[in-house]
Amino acid sequence: MKTFEHEWILEAFVEHRTFFTKRMFGGLAAYLFERQMLLLVEPTKSGRWNWHGVLVCTDYEHHASIQAEFPALMPHEVLRKWLFIDSTHEDFESTMEAVAKHVANNDPRFGVLPKSPKPRRRKHIGVRRLMHRRLGSRT
């Protein structure tokens, strides 16, 4: 499995019982307290994404307060609902260390609840077809 350059950010969560990671958009999503908190992203081999840094998962309503505390975080150019810091930013390490502490302390401004999977649609069989199948099986 691919490792990501900035997995050190996740060290603050590793011992927590609710922590897990999952692949997403070619990156590595970090979950804690049943919320998606961060997404580590690096350019994809296909060139589809050229992002290199961390997406901080949050709702629009928290952008202002988070950005006041962490001015290096900006809305992502594509995924505008989340904040982003490029790995080349001069405050990348200090910002992500501080953000990781807030996330580990369950700061409610951070994280989004993952969408539950859509229920599978059952194949619709018309009443006539169903009756035909039932009657046909008796002969």
# chains A, B, ... in the order shown; residues from 1 in each chain; ligands from 1
call {"tool": "select_by_dssp", "arguments": {"residues": "stretch 2-50 of chain A", "states": "strand (DSSP E or B)", "output": "ChimeraX atom specification"}}
result
/A:20-24,27-32,35-41
call {"tool": "write_last_selection", "arguments": {"atoms": "C-alpha atoms", "output": "compact mmCIF listing (two decimals), in the first residue's frame"}}
result
# COMPACT_ATOMS: atom_id res chain seq x y z
CA PHE A 20 -8.82 4.72 10.88
CA THR A 21 -7.77 5.69 7.37
CA LYS A 22 -9.30 5.10 3.97
CA ARG A 23 -8.31 5.90 0.37
CA MET A 24 -10.15 8.85 -1.18
CA GLY A 27 -5.28 10.49 -1.12
CA LEU A 28 -5.49 9.16 2.41
CA ALA A 29 -8.51 10.21 4.48
CA ALA A 30 -8.16 10.21 8.26
CA TYR A 31 -11.18 9.51 10.45
CA LEU A 32 -11.46 10.16 14.16
CA ARG A 35 -15.85 12.05 11.45
CA GLN A 36 -13.63 12.50 8.43
CA MET A 37 -11.02 14.97 9.67
CA LEU A 38 -8.20 15.26 7.15
CA LEU A 39 -7.27 14.18 3.66
CA LEU A 40 -3.58 13.86 2.79
CA VAL A 41 -3.18 14.49 -0.93
call {"tool": "residues_around", "arguments": {"residues": "A:Glu69", "least_positions_apart": "4", "cutoff": "12 Å", "atoms": "only C-alpha atoms", "output": "PyMOL selection string"}}
result
chain A and resi 62-65+73-74+95+98-99+102+109
call {"tool": "write_last_selection", "arguments": {"atoms": "N, CA and C atoms", "output": "PDB file, in the first residue's frame"}}
result
ATOM      1  N   HIS A  62     -17.600  27.007   9.838  1.00  0.00           N
ATOM      2  CA  HIS A  62     -16.411  27.053  10.688  1.00  0.00           C
ATOM      3  C   HIS A  62     -15.193  27.663   9.996  1.00  0.00           C
ATOM      4  N   HIS A  63     -15.293  27.957   8.716  1.00  0.00           N
ATOM      5  CA  HIS A  63     -14.150  28.480   7.970  1.00  0.00           C
ATOM      6  C   HIS A  63     -13.554  29.714   8.636  1.00  0.00           C
ATOM      7  N   ALA A  64     -14.385  30.700   8.963  1.00  0.00           N
ATOM      8  CA  ALA A  64     -13.873  31.971   9.492  1.00  0.00           C
ATOM      9  C   ALA A  64     -13.110  31.779  10.797  1.00  0.00           C
ATOM     10  N   SER A  65     -13.661  31.002  11.719  1.00  0.00           N
ATOM     11  CA  SER A  65     -12.979  30.834  13.014  1.00  0.00           C
ATOM     12  C   SER A  65     -11.690  30.024  12.870  1.00  0.00           C
ATOM     13  N   LEU A  73      -4.484  28.225   6.192  1.00  0.00           N
ATOM     14  CA  LEU A  73      -5.530  27.387   5.597  1.00  0.00           C
ATOM     15  C   LEU A  73      -6.451  28.249   4.748  1.00  0.00           C
ATOM     16  N   MET A  74      -6.668  27.808   3.524  1.00  0.00           N
ATOM     17  CA  MET A  74      -7.522  28.530   2.583  1.00  0.00           C
ATOM     18  C   MET A  74      -8.516  27.547   1.964  1.00  0.00           C
ATOM     19  N   THR A  95       1.454  24.652  11.147  1.00  0.00           N
ATOM     20  CA  THR A  95      -0.007  24.681  11.042  1.00  0.00           C
ATOM     21  C   THR A  95      -0.584  23.293  11.239  1.00  0.00           C
ATOM     22  N   ALA A  98      -0.458  21.996  14.842  1.00  0.00           N
ATOM     23  CA  ALA A  98      -1.492  22.615  15.673  1.00  0.00           C
ATOM     24  C   ALA A  98      -2.886  22.104  15.317  1.00  0.00           C
ATOM     25  N   VAL A  99      -3.165  21.964  14.019  1.00  0.00           N
ATOM     26  CA  VAL A  99      -4.463  21.433  13.591  1.00  0.00           C
ATOM     27  C   VAL A  99      -4.638  20.017  14.122  1.00  0.00           C
ATOM     28  N   HIS A 102      -5.780  20.019  17.659  1.00  0.00           N
ATOM     29  CA  HIS A 102      -7.203  20.354  17.784  1.00  0.00           C
ATOM     30  C   HIS A 102      -8.079  19.161  17.402  1.00  0.00           C
ATOM     31  N   ARG A 109     -15.178  22.050  15.495  1.00  0.00           N
ATOM     32  CA  ARG A 109     -15.097  22.771  14.218  1.00  0.00           C
ATOM     33  C   ARG A 109     -14.506  21.902  13.118  1.00  0.00           C
TER      34      ARG A 109
END
call {"tool": "closest_residue", "arguments": {"among": "A:Leu83, A:Ile9, A:Ala100, A:Ala72", "to": "A:Asp59", "atoms": "only C-alpha atoms"}}
result
A:Leu83
call {"tool": "closest_residue", "arguments": {"among": "A:Ser87, A:Thr3, A:Thr58, A:Asn50", "to": "A:Leu113", "atoms": "only C-alpha atoms"}}
result
A:Thr58
call {"tool": "closest_residue", "arguments": {"among": "A:Lys101, A:Thr88, A:Glu61, A:His52", "to": "A:His76", "atoms": "only C-alpha atoms"}}
result
A:His52
call {"tool": "closest_residue", "arguments": {"among": "A:Asn106, A:Phe13, A:Ile66, A:Pro43", "to": "A:Trp82", "atoms": "only C-alpha atoms"}}
result
A:Ile66
call {"tool": "atom_distance", "arguments": {"atom1": "atom CA of A:Glu15", "atom2": "atom CA of A:Phe70"}}
result
25.3 Å
call {"tool": "closest_residue", "arguments": {"among": "A:Glu42, A:Leu55, A:Ala12, A:Pro71", "to": "A:Asp91", "atoms": "only C-alpha atoms"}}
result
A:Pro71
call {"tool": "select_by_dssp", "arguments": {"residues": "stretch 5-120 of chain A", "states": "helix (DSSP H, G or I)", "output": "list in words"}}
result
Glu7, Trp8, Ile9, Leu10, Glu11, Ala12, Tyr60, Glu61, His62, His63, Ala64, Ser65, Ile66, Gln67, Ala68, Glu69, Phe92, Glu93, Ser94, Thr95, Met96, Glu97, Ala98, Val99, Ala100, Lys101, His102, Val103 and Ala104 of chain A
call {"tool": "closest_residue", "arguments": {"among": "A:Glu90, A:Asp107, A:Glu97, A:Glu77", "to": "A:Phe33", "atoms": "only C-alpha atoms"}}
result
A:Asp107
call {"tool": "atom_distance", "arguments": {"atom1": "atom CA of A:Gly53", "atom2": "atom CA of A:Phe84"}}
result
7.2 Å
call {"tool": "atom_distance", "arguments": {"atom1": "atom CA of A:Gly111", "atom2": "atom CA of A:Glu34"}}
result
8.8 Å
